[in-house]
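**Q** Structure file coords-v5.cif (mmCIF, C-alpha atoms) is given on the next line.
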```
data_final
#
loop_
_atom_site.label_atom_id
_atom_site.label_comp_id
_atom_site.auth_asym_id
_atom_site.auth_seq_id
_atom_site.Cartn_x
_atom_site.Cartn_y
_atom_site.Cartn_z
CA MET A 1 96.20 -23.50 -136.70
CA LYS A 2 92.83 -23.94 -138.43
CA LYS A 3 91.45 -25.62 -135.30
CA ILE A 4 92.46 -22.68 -133.14
CA LEU A 5 90.79 -20.28 -135.56
CA ILE A 6 87.50 -22.23 -135.50
CA LEU A 7 87.67 -22.48 -131.73
CA THR A 8 88.25 -18.75 -131.34
CA ILE A 9 85.30 -17.94 -133.62
CA LEU A 10 82.98 -20.31 -131.75
CA ILE A 11 84.03 -19.03 -128.33
CA ALA A 12 83.63 -15.43 -129.48
CA ALA A 13 80.19 -16.21 -130.91
CA PHE A 14 79.12 -17.92 -127.69
CA PHE A 15 80.19 -15.18 -125.34
CA SER A 16 79.06 -12.25 -127.47
CA SER A 17 75.61 -13.84 -127.61
CA CYS A 18 75.49 -14.28 -123.85
CA LYS A 19 75.43 -10.58 -123.08
CA LYS A 20 72.37 -9.70 -121.07
CA VAL A 21 70.01 -7.57 -123.13
CA ASP A 22 68.36 -4.95 -120.96
CA ASP A 23 65.24 -2.96 -121.62
CA ALA A 24 65.76 0.49 -123.04
CA GLN A 25 64.06 2.22 -120.12
CA ASN A 26 64.40 -0.01 -117.13
CA ASN A 27 62.37 0.40 -114.03
CA SER A 28 63.03 -1.63 -110.94
CA ASP A 29 60.72 -3.14 -108.36
CA HIS A 30 58.65 -0.28 -106.91
CA ALA A 31 58.22 0.49 -103.19
CA ALA A 32 54.99 0.10 -101.23
CA LEU A 33 52.13 2.46 -102.03
CA THR A 34 50.84 4.03 -98.84
CA THR A 35 49.18 7.21 -100.05
CA MET A 36 46.72 8.14 -102.82
CA ILE A 37 45.68 11.70 -103.60
CA LEU A 38 42.84 12.40 -106.02
CA THR A 39 42.55 15.99 -107.25
CA PHE A 40 39.38 17.12 -109.05
CA LYS A 41 39.61 20.11 -111.38
CA GLN A 42 37.28 22.12 -113.56
CA ALA A 43 38.84 24.38 -116.21
CA GLY A 44 42.23 24.02 -114.52
CA THR A 45 40.97 25.09 -111.06
CA ILE A 46 41.12 22.63 -108.16
CA LYS A 47 37.59 21.97 -106.88
CA TYR A 48 38.25 19.14 -104.44
CA THR A 49 41.07 16.92 -103.15
CA ALA A 50 40.55 13.52 -101.54
CA THR A 51 43.44 11.77 -99.75
CA PHE A 52 44.00 8.27 -98.45
CA ASN A 53 47.12 8.11 -96.28
CA ASP A 54 48.28 5.02 -94.40
CA PRO A 55 52.05 5.49 -93.82
CA ASP A 56 52.59 2.16 -92.07
CA GLY A 57 51.02 0.33 -94.99
CA ILE A 58 47.86 -1.72 -95.33
CA GLY A 59 47.15 -3.94 -92.34
CA GLY A 60 48.91 -1.96 -89.60
CA ALA A 61 47.43 1.04 -87.83
CA ASN A 62 44.34 2.70 -89.33
CA PRO A 63 44.94 5.28 -92.07
CA ILE A 64 45.71 8.72 -90.64
CA GLN A 65 43.65 10.35 -93.38
CA PHE A 66 40.81 8.82 -95.41
CA ASP A 67 38.66 11.48 -97.07
CA THR A 68 35.19 11.24 -98.53
CA ILE A 69 35.04 12.44 -102.14
CA LYS A 70 32.56 15.38 -102.34
CA LEU A 71 31.42 16.54 -105.78
CA ASN A 72 28.46 18.44 -107.25
CA ALA A 73 25.67 16.85 -109.29
CA ASN A 74 25.62 17.04 -113.10
CA GLN A 75 29.21 18.22 -113.46
CA THR A 76 32.30 17.10 -115.35
CA TYR A 77 35.59 16.98 -113.45
CA GLN A 78 39.11 16.25 -114.66
CA ALA A 79 40.68 14.07 -111.99
CA GLU A 80 44.38 13.44 -111.46
CA LEU A 81 45.77 10.74 -109.21
CA VAL A 82 49.05 10.88 -107.29
CA LEU A 83 50.68 7.91 -105.54
CA GLN A 84 53.23 8.23 -102.75
CA ASN A 85 55.29 6.12 -100.40
CA LYS A 86 55.36 7.64 -96.91
CA THR A 87 57.01 4.82 -94.99
CA GLY A 88 59.82 5.87 -92.66
CA GLY A 89 58.63 9.46 -92.29
CA THR A 90 59.69 10.59 -95.77
CA THR A 91 57.50 11.17 -98.80
CA LYS A 92 58.52 9.59 -102.06
CA ASP A 93 56.47 10.30 -105.14
CA MET A 94 55.62 7.03 -106.90
CA THR A 95 53.54 8.43 -109.74
CA ALA A 96 56.32 8.79 -112.31
CA GLU A 97 57.71 5.36 -111.51
CA ILE A 98 54.36 3.59 -111.95
CA ARG A 99 53.67 5.64 -115.08
CA THR A 100 56.99 4.43 -116.54
CA ALA A 101 55.95 0.88 -115.65
CA GLY A 102 52.56 1.53 -117.29
CA ARG A 103 53.06 -1.47 -119.53
CA GLU A 104 52.36 -3.62 -116.44
CA HIS A 105 49.81 -1.40 -114.62
CA GLU A 106 46.26 -0.07 -115.00
CA PHE A 107 43.80 1.73 -112.72
CA PHE A 108 40.17 0.68 -112.39
CA TYR A 109 37.45 2.93 -110.95
CA THR A 110 34.30 1.14 -109.78
CA PRO A 111 31.31 3.21 -108.50
CA THR A 112 28.76 1.54 -106.17
CA ASN A 113 25.36 3.05 -105.24
CA VAL A 114 26.17 6.20 -107.20
CA SER A 115 25.55 7.19 -110.82
CA ILE A 116 28.85 8.46 -112.18
CA GLY A 117 30.73 7.98 -115.44
CA ILE A 118 34.51 7.66 -115.07
CA VAL A 119 36.65 7.53 -118.22
CA LYS A 120 40.43 7.06 -118.34
CA THR A 121 42.11 9.73 -120.48
CA ASP A 122 45.81 8.74 -120.38
CA VAL A 123 47.60 5.80 -121.95
CA ASP A 124 50.76 3.73 -121.44
CA ILE A 125 53.71 3.34 -123.84
CA LEU A 126 51.68 0.91 -125.99
CA GLY A 127 48.66 3.21 -126.13
CA TYR A 128 46.68 1.07 -123.69
CA PRO A 129 44.57 2.71 -120.92
CA LEU A 130 46.46 3.73 -117.76
CA GLY A 131 44.17 5.80 -115.50
CA PHE A 132 46.21 8.39 -113.59
CA ASN A 133 44.04 10.90 -115.48
CA THR A 134 40.28 10.50 -115.67
CA ASN A 135 37.11 12.43 -116.52
CA TRP A 136 34.28 12.12 -113.98
CA GLN A 137 30.73 12.88 -115.16
CA THR A 138 28.43 13.14 -112.15
CA ASN A 139 24.69 12.74 -112.43
CA ALA A 140 22.03 12.91 -109.68
CA ALA A 141 22.90 13.68 -106.05
CA THR A 142 23.53 10.67 -103.82
CA THR A 143 20.63 9.62 -101.60
CA THR A 144 22.49 7.07 -99.53
CA ASN A 145 25.58 7.18 -97.31
CA THR A 146 26.79 3.89 -98.77
CA ALA A 147 27.99 5.34 -102.08
CA THR A 148 31.62 4.51 -102.90
CA VAL A 149 34.14 4.63 -105.71
CA LYS A 150 36.72 1.86 -105.57
CA VAL A 151 40.11 2.90 -106.97
CA GLN A 152 42.26 -0.10 -107.80
CA LEU A 153 45.76 -0.17 -109.25
CA LYS A 154 46.20 -3.52 -110.92
CA HIS A 155 49.60 -5.03 -111.57
CA LYS A 156 49.40 -7.07 -114.75
CA PRO A 157 52.78 -8.62 -115.44
CA PHE A 158 53.27 -9.96 -119.00
CA ASN A 159 49.63 -9.81 -120.10
CA LYS A 160 48.17 -6.29 -120.03
CA GLY A 161 45.76 -5.81 -122.93
CA PRO A 162 43.92 -2.82 -124.41
CA ASN A 163 40.45 -3.87 -123.19
CA ASP A 164 41.03 -5.54 -119.83
CA ASP A 165 38.48 -5.54 -117.03
CA ALA A 166 39.26 -5.25 -113.31
CA SER A 167 39.45 -9.03 -112.85
CA LYS A 168 42.86 -9.33 -114.57
CA GLY A 169 46.05 -9.12 -112.51
CA HIS A 170 46.45 -8.43 -108.83
CA ASP A 171 46.04 -5.31 -106.65
CA ASP A 172 48.94 -2.97 -105.97
CA ILE A 173 46.58 -0.73 -104.02
CA ASN A 174 42.80 -0.89 -103.57
CA ILE A 175 41.01 2.03 -101.89
CA ASN A 176 37.24 2.22 -101.58
CA PHE A 177 36.57 5.98 -101.22
CA PRO A 178 33.20 7.02 -99.78
CA ILE A 179 31.55 9.56 -102.08
CA ILE A 180 28.84 12.21 -101.66
CA ILE A 181 27.30 13.99 -104.65
CA ASN A 182 25.44 17.17 -103.65
CA MET B 1 67.57 -14.54 -146.15
CA SER B 2 63.94 -15.47 -145.55
CA THR B 3 62.96 -17.90 -142.81
CA THR B 4 61.79 -20.47 -145.35
CA LYS B 5 65.14 -20.28 -147.15
CA LYS B 6 66.98 -20.70 -143.85
CA ILE B 7 64.99 -23.85 -143.09
CA MET B 8 65.62 -25.20 -146.58
CA VAL B 9 69.34 -24.63 -146.23
CA ALA B 10 69.27 -26.32 -142.82
CA VAL B 11 67.33 -29.33 -144.13
CA PHE B 12 69.63 -29.60 -147.16
CA ALA B 13 72.65 -29.46 -144.86
CA LEU B 14 71.10 -32.13 -142.64
CA VAL B 15 70.39 -34.48 -145.57
CA THR B 16 73.85 -33.99 -147.04
CA LEU B 17 75.54 -34.54 -143.71
CA GLN B 18 73.37 -37.57 -142.94
CA ALA B 19 74.40 -39.13 -146.23
CA THR B 20 78.04 -38.80 -145.29
CA ALA B 21 77.56 -39.67 -141.63
CA GLN B 22 79.69 -42.50 -140.41
CA LYS B 23 78.07 -43.29 -137.10
CA VAL B 24 74.80 -42.49 -135.35
CA LYS B 25 74.32 -42.25 -131.58
CA PHE B 26 71.13 -41.81 -129.57
CA GLY B 27 70.87 -40.26 -126.16
CA ALA B 28 68.68 -38.51 -123.64
CA LYS B 29 69.32 -35.40 -121.59
CA ALA B 30 67.74 -33.34 -118.83
CA GLY B 31 68.61 -30.12 -117.10
CA VAL B 32 67.67 -26.66 -115.99
CA ASN B 33 67.05 -23.43 -117.90
CA LEU B 34 67.51 -19.84 -116.95
CA ALA B 35 65.01 -18.15 -119.22
CA ASN B 36 64.40 -14.48 -119.90
CA GLN B 37 62.66 -12.21 -122.39
CA SER B 38 63.92 -8.98 -123.89
CA LEU B 39 61.47 -6.27 -124.86
CA SER B 40 61.80 -3.34 -127.24
CA ILE B 41 60.16 -0.81 -124.93
CA GLY B 42 60.53 0.07 -121.29
CA GLY B 43 58.52 -1.06 -118.33
CA GLU B 44 59.40 -3.20 -115.37
CA ASP B 45 62.67 -5.15 -115.28
CA TYR B 46 62.41 -8.73 -116.39
CA THR B 47 64.50 -11.22 -114.43
CA SER B 48 65.58 -14.77 -115.25
CA LYS B 49 63.28 -17.64 -114.39
CA LEU B 50 64.38 -21.18 -113.57
CA GLY B 51 62.79 -23.99 -115.58
CA LEU B 52 63.28 -27.53 -116.77
CA ASN B 53 64.49 -28.91 -120.06
CA LEU B 54 64.28 -32.48 -121.30
CA GLY B 55 65.27 -33.98 -124.62
CA LEU B 56 66.23 -36.84 -126.88
CA VAL B 57 69.47 -36.43 -128.82
CA THR B 58 70.69 -37.96 -132.06
CA GLU B 59 74.28 -37.50 -133.09
CA PHE B 60 75.63 -38.10 -136.56
CA SER B 61 79.37 -38.42 -136.55
CA LEU B 62 80.98 -36.66 -139.51
CA GLY B 63 84.51 -37.70 -138.88
CA LYS B 64 86.99 -37.57 -136.07
CA SER B 65 86.22 -34.13 -134.73
CA LEU B 66 82.97 -33.02 -136.34
CA SER B 67 79.41 -34.16 -135.72
CA LEU B 68 75.83 -33.05 -136.08
CA GLN B 69 73.51 -33.09 -133.09
CA THR B 70 69.76 -32.84 -133.39
CA GLY B 71 66.74 -34.21 -131.54
CA ILE B 72 63.53 -33.13 -129.92
CA GLY B 73 63.13 -31.55 -126.55
CA TYR B 74 60.85 -29.79 -124.14
CA SER B 75 61.90 -26.47 -122.69
CA ASN B 76 60.38 -24.38 -119.96
CA ARG B 77 60.82 -20.78 -121.13
CA GLY B 78 59.62 -17.40 -119.90
CA ALA B 79 60.73 -14.71 -117.45
CA GLY B 80 60.08 -13.21 -114.04
CA ILE B 81 59.14 -9.77 -112.73
CA LYS B 82 60.15 -8.78 -109.20
CA HIS B 83 57.43 -6.57 -107.85
CA ALA B 84 56.45 -5.22 -104.41
CA GLY B 85 58.24 -8.01 -102.55
CA HIS B 86 57.15 -10.92 -104.73
CA THR B 87 57.99 -12.38 -108.13
CA ASP B 88 55.44 -12.92 -110.88
CA LEU B 89 56.33 -15.50 -113.50
CA LEU B 90 55.73 -15.94 -117.19
CA VAL B 91 55.88 -19.63 -118.13
CA ILE B 92 56.08 -20.69 -121.80
CA ASN B 93 56.10 -24.40 -122.61
CA THR B 94 58.00 -25.04 -125.82
CA LEU B 95 58.84 -28.04 -127.97
CA GLU B 96 62.31 -27.61 -129.45
CA ILE B 97 64.15 -29.06 -132.41
CA PRO B 98 67.79 -27.94 -132.31
CA LEU B 99 70.33 -28.67 -135.06
CA ASN B 100 73.90 -28.10 -133.99
CA VAL B 101 77.15 -28.61 -135.82
CA VAL B 102 79.49 -29.76 -133.06
CA TYR B 103 83.28 -29.60 -133.08
CA LYS B 104 85.07 -31.96 -130.70
CA ILE B 105 88.48 -31.49 -129.15
CA PRO B 106 89.77 -34.76 -127.72
CA SER B 107 91.30 -34.82 -124.23
CA ALA B 108 92.36 -37.53 -121.80
CA LYS B 109 88.95 -38.66 -120.57
CA GLY B 110 86.72 -37.55 -123.43
CA SER B 111 86.32 -34.47 -125.52
CA PHE B 112 85.41 -30.85 -125.18
CA ILE B 113 82.62 -29.81 -127.48
CA LEU B 114 81.75 -26.53 -129.15
CA GLY B 115 78.78 -26.14 -131.41
CA ALA B 116 76.20 -23.87 -132.95
CA GLY B 117 73.15 -24.06 -135.15
CA PRO B 118 69.51 -23.17 -135.66
CA ASN B 119 66.66 -24.03 -133.32
CA VAL B 120 62.98 -24.35 -134.15
CA GLY B 121 60.64 -23.89 -131.19
CA LEU B 122 56.95 -24.65 -131.12
CA ASN B 123 55.21 -22.80 -128.29
CA LEU B 124 52.56 -25.12 -126.85
CA SER B 125 51.12 -23.03 -124.03
CA ALA B 126 51.85 -20.00 -121.88
CA LYS B 127 50.60 -18.65 -118.60
CA VAL B 128 51.23 -15.94 -116.02
CA LYS B 129 51.74 -17.22 -112.47
CA GLU B 130 50.81 -14.30 -110.26
CA HIS B 131 51.06 -13.38 -106.63
CA ASN B 132 47.68 -13.61 -104.83
CA ALA B 133 45.77 -14.25 -108.05
CA PRO B 134 44.85 -17.29 -110.11
CA ASP B 135 47.10 -18.26 -113.04
CA GLU B 136 46.14 -16.54 -116.27
CA GLU B 137 46.57 -18.24 -119.63
CA ILE B 138 48.22 -16.45 -122.55
CA LYS B 139 46.90 -18.04 -125.71
CA ILE B 140 49.16 -19.10 -128.58
CA GLY B 141 48.08 -17.51 -131.85
CA SER B 142 48.00 -14.27 -133.79
CA GLY B 143 45.82 -12.08 -131.54
CA ILE B 144 47.35 -8.97 -129.96
CA ASP B 145 47.21 -10.59 -126.52
CA GLN B 146 48.68 -13.87 -127.79
CA TYR B 147 52.17 -15.26 -128.46
CA LYS B 148 53.25 -16.69 -131.81
CA ALA B 149 53.51 -20.47 -132.04
CA LEU B 150 56.70 -20.78 -134.11
CA ASP B 151 59.84 -19.43 -132.48
CA PHE B 152 63.08 -19.60 -134.46
CA GLY B 153 66.35 -19.22 -132.65
CA VAL B 154 70.08 -19.83 -132.66
CA ASN B 155 71.89 -22.28 -130.37
CA PHE B 156 75.38 -22.07 -129.01
CA VAL B 157 76.63 -25.06 -127.10
CA THR B 158 79.73 -26.01 -125.21
CA GLY B 159 80.45 -28.87 -122.87
CA TYR B 160 82.28 -32.08 -122.26
CA GLU B 161 81.64 -35.63 -123.45
CA PHE B 162 83.13 -38.35 -121.30
CA ASN B 163 84.38 -41.50 -123.04
CA LYS B 164 81.78 -43.59 -121.25
CA ASN B 165 78.69 -42.03 -122.81
CA LEU B 166 78.02 -39.32 -120.24
CA PHE B 167 77.95 -35.68 -121.35
CA VAL B 168 77.46 -32.26 -119.80
CA GLN B 169 76.36 -29.29 -121.89
CA LEU B 170 75.99 -25.59 -121.36
CA ASN B 171 73.83 -24.07 -124.05
CA TYR B 172 72.45 -20.71 -124.95
CA ASN B 173 69.45 -20.23 -127.18
CA ALA B 174 68.72 -16.77 -128.53
CA GLY B 175 65.22 -16.35 -129.92
CA LEU B 176 65.04 -14.53 -133.25
CA THR B 177 61.25 -14.47 -133.56
CA ASN B 178 59.24 -11.57 -132.18
CA LEU B 179 56.74 -13.46 -130.01
CA ALA B 180 54.36 -10.53 -129.66
CA ASN B 181 51.66 -9.60 -132.17
CA ILE B 182 51.48 -5.95 -131.09
CA SER B 183 52.60 -3.37 -133.66
CA GLY B 184 55.62 -1.34 -132.58
CA PHE B 185 56.59 -3.83 -129.89
CA THR B 186 58.97 -6.76 -129.95
CA GLN B 187 59.53 -9.52 -127.43
CA ARG B 188 62.19 -12.19 -127.82
CA GLY B 189 63.10 -15.05 -125.52
CA SER B 190 66.48 -16.43 -124.57
CA GLN B 191 67.56 -19.38 -122.47
CA PHE B 192 70.73 -20.57 -120.78
CA GLY B 193 70.60 -24.30 -120.21
CA LEU B 194 72.73 -26.67 -118.17
CA THR B 195 72.08 -30.28 -119.13
CA VAL B 196 73.40 -33.69 -118.26
CA GLY B 197 72.89 -36.45 -120.79
CA TYR B 198 73.75 -39.98 -121.74
CA PHE B 199 74.40 -41.67 -125.10
CA PHE B 200 73.07 -45.21 -125.23
CA GLY B 201 75.28 -48.03 -126.54
CA LYS B 202 78.72 -47.45 -127.92
#
```
Please re-express this file's structure in C-alpha cells.

**A**
Amino acid sequence: MKKILILTILIAAFFSSCKKVDDAQNNSDHAALTTMILTFKQAGTIKYTATFNDPDGIGGANPIQFDTIKLNANQTYQAELVLQNKTGGTTKDMTAEIRTAGREHEFFYTPTNVSIGIVKTDVDILGYPLGFNTNWQTNAATTTNTATVKVQLKHKPFNKGPNDDASKGHDDININFPIIIN
Amino acid sequence: MSTTKKIMVAVFALVTLQATAQKVKFGAKAGVNLANQSLSIGGEDYTSKLGLNLGLVTEFSLGKSLSLQTGIGYSNRGAGIKHAGHTDLLVINTLEIPLNVVYKIPSAKGSFILGAGPNVGLNLSAKVKEHNAPDEEIKIGSGIDQYKALDFGVNFVTGYEFNKNLFVQLNYNAGLTNLANISGFTQRGSQFGLTVGYFFGK
C-alpha cells in the first residue's frame, strides 16, 4: 500500500513537471517582409512617404516601387516605419507582429554620404531600442547623388542588448534608400 | 528555504545515506536532450533543441528497493527559435551534478526505477548559432547580457534497469535559477533527456 502511494506521488510529480511552459504573449515565426513604408511627419502632418515594395521577395523580379527619400535641409522629422507582406496578392501588416517580437528585433539606420542624425524613439518590452519610430535631424543639402540611408531590421535571437551595433544578429530586411536633401 | 540551506540539507542527506549504504556501483551513460527555455515576457516562440548528454554515475544502494544516484555529467542545454524559414539556436554547455533518490520496483528482467532530487549545474559557455551570421558568444557572468554560472534545478527520473548492468533512463530537469541578469525578466531552462547507461562490475 505504501509502495503504491510513493509511486503515485512520484508519477504525479514527474508528469506535472513535464507540462510545457509557454511564454505569456507568444508570437510565432513571422512571414517574409516584402514591403517597407517610411512616413516623415512634422507636427503631425505627413511631409513625405518613401516606399520599398518587392512583392515576390528579395532575389526575384525587381521591386515594383523603390522611392528616393526627399527631405529639406536643417529640419527635424518624426519618421514612422511600416512593414508588410504582399506575397500572393494580399497585404498583411507585419508591424504589430514584429513589434511584439521586439525582444528579438532592432532596426538600424546607417546614412552614407549625407549628414543626418537618426535617433530611435521607441523601445521593446525590456526597454531596449526598437526603431519603428525615429527622429531625423537633417543638416546641409546633399551635393552628391550617391547619398543613401540603409534601413536594416536585425533579428537577434537570444542575445539582444541595450547598446548593440548593427553587426549583431542577421538581417530580416535590408533596404538601402537613396536620399536627397534639398 | 535559502539555496545554501538546500545544499546543506542535500549534502547532509548524502553523507548520512552514504554511511548507511550497503553497496556502491559505478557506471557511465550517454544520451540525447530536448532542451528549452521559458521566459517571463513575450517575444518569439522558443522551441526545443536537440543536444547531447554524457555522464558518470555512482549508485549507493540503501536497501532492497531504495538507492541514491549521483555523478557528474555534461549536458547540452539551450533552445531554438523558428524564424523566417530557418531555426536559430541557443547552445549552453553545462556541467551537471545530479543527486537522485531512486525507488526500484523489481520485475522479471530487472527493475523499474522512479526517482527525484536536486541538480546543480555549472554553465561553462553559451553561444547563439545563427542563420547566415557567425556564431555569437554569450558570456557567463553577472552582466546584463550574460548568463549566470550556477544553475540549480530539480530532477525527475524514470526508467528501467536490466539485471545485466544495462539501464535506460528518461529524465526531466527543471531549472529553478533565473539565468538572466536583467531586472524584470526571468529565463529558466529545462531539459528532457533519454539516456542509455551501463553499470560496471556486479

**Q** So, counting only C-alpha atoms, which residue among B:Ala108, B:Val32, B:Asn123, B:Lys129 is closest to A:Gly169?

**A**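 Among the listed residues, B:Lys129 lies closest to A:Gly169.
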
**Q** Hey, what comes out of the PyMOL selection byres ((chain B and resi 147) around 6) on this file? Could you write it as a PyMOL selection string?

**A** chain B and resi 140-141+146+148+179-180

**Q** Quick check on the file I pasted: which residues fall under the PyMOL selection byres ((chain B) within 6 of (chain A))? Write them as a list of chain:residue names.

**A**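 Applying the expression gives B:Leu39, B:Gly42, B:Gly43, B:Glu44, B:Asp45, B:Lys82, B:His83, B:Ala84, B:Ala133, B:Phe156.
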
**Q** I'd like the neighbourhood of B:Ile182 as a list in words, where a residue qualifies if any of its atoms comes within 9 Å (using only C-alpha atoms), though same-chain residues fewer than 5 positions away should be ignored.

**A** Leu126 of chain A; Gly143, Ile144 and Asp145 of chain B

**Q** Apply the PyMOL selection byres ((chain A and resi 110) around 10) to the displayed file and report the matching residues as a PyMOL selection string.

**A** chain A and resi 107-109+111-112+114+116-118+148-152+166+176

**Q** For a quick check of your reading of the model, name the residues lying within 10 Å of the coordinate (43.2, 14.6, -115.0), counting all atoms listed in the file, and write them as number ranges by chain.

**A** A: 38-42, 44, 77-81, 120-122, 131-136

**Q** Could you pull the residues within 10 Å of B:Val157, counting all atoms listed in the file, minus those fewer than 4 positions along the same chain, as a ChimeraX atom specification?

**A** /A:10-11,14 /B:100-102,113-117,169-173,192-194

**Q** When you count all atoms listed in the file, which of these residues is closest to B:Asn163: B:Ser40, B:Ile92, B:Asn119, B:Gly201?

**A**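 Smallest distance to B:Asn163 is found for B:Gly201.
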
**Q** Identify, on the basis of all atoms listed in the file, every residue whose closest approach to B:Val168 does not exceed 8 Å; exclude the query and any residue fewer than 5 positions from it along the same chain; express the result as a ChimeraX atom specification.

**A** /B:159-161,194-197

**Q** For the residues selected in the previous step, produce a file with C-alpha atoms as an mmCIF file, keeping the file's coordinate frame.

**A**
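The file below, again-v4.cif, is the result:
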```cif
data_model
loop_
_atom_site.group_PDB
_atom_site.id
_atom_site.type_symbol
_atom_site.label_atom_id
_atom_site.label_comp_id
_atom_site.auth_asym_id
_atom_site.auth_seq_id
_atom_site.Cartn_x
_atom_site.Cartn_y
_atom_site.Cartn_z
ATOM 1 C CA GLY B 159 80.450 -28.870 -122.870
ATOM 2 C CA TYR B 160 82.280 -32.080 -122.260
ATOM 3 C CA GLU B 161 81.640 -35.630 -123.450
ATOM 4 C CA LEU B 194 72.730 -26.670 -118.170
ATOM 5 C CA THR B 195 72.080 -30.280 -119.130
ATOM 6 C CA VAL B 196 73.400 -33.690 -118.260
ATOM 7 C CA GLY B 197 72.890 -36.450 -120.790
#
```

**Q** Atom CA of A:Asn72 and atom CA of A:Thr142, how far apart in Å?

**A**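 About the pair atom CA of A:Thr142 and atom CA of A:Asn72: they are 9.8 Å apart.
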
**Q** Counting only C-alpha atoms, what is within 10 Å of B:Ile72, bar same-chain residues fewer than 4 positions away, as a ChimeraX atom specification?

**A** /B:28,54-58,95-99,120-121

**Q** A:Ile181, A:Val123, A:Ile175, A:Ala61: which is nearest A:Ile37, counting only C-alpha atoms?

**A**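 For A:Ile37, the nearest of the candidates is A:Ile175.
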
**Q** Mind listing whatever residues come within 9 Å of the point (64.2, -18.2, -117.7)? Use only C-alpha atoms, file coordinates, and give them as a PyMOL selection string.

**A** chain B and resi 33-37+47-51+76-80+90-91+189-192

**Q** Atom CA of A:Val82 and atom CA of A:Asn53, how far apart in Å?

**A**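 Those two atoms sit 11.5 Å apart.
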
**Q** Would you mind reading off the distance between atom CA of A:Met94 and atom CA of B:Val128, one decimal, in Å?

**A**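 It comes out at 25.1 Å.
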
**Q** In terms of the shortest atom-to-atom distance over all atoms listed in the file, which of B:Gly184, B:Glu137, B:Asp88, B:Lys104 is closest to A:Gly127?

**A**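 Of all the options, B:Gly184 lies closest to A:Gly127.
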
**Q** Which of these residues is nearest to A:Ile69, using all atoms listed in the file: A:Ala43, A:Ile173, A:Ala141, A:Ile180?

**A**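 Checking each candidate against A:Ile69, we get A:Ile180 as the closest.
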
**Q** Quick one: residues within 7 Å of B:Asn165, all atoms listed in the file, excluding same-chain residues fewer than 2 positions away - as a compact mmCIF listing (two decimals) with C-alpha atoms, in the coordinates of the input?

**A**
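Output (out_23.txt):
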```
# COMPACT_ATOMS: atom_id res chain seq x y z
CA PHE B 162 83.13 -38.35 -121.30
CA ASN B 163 84.38 -41.50 -123.04
CA PHE B 167 77.95 -35.68 -121.35
CA TYR B 198 73.75 -39.98 -121.74
CA PHE B 199 74.40 -41.67 -125.10
CA PHE B 200 73.07 -45.21 -125.23
```

**Q** From the list B:Phe185, B:Pro106, B:Lys23, B:Ile81, which residue is nearest B:Tyr46 when using all atoms listed in the file?

**A** B:Ile81
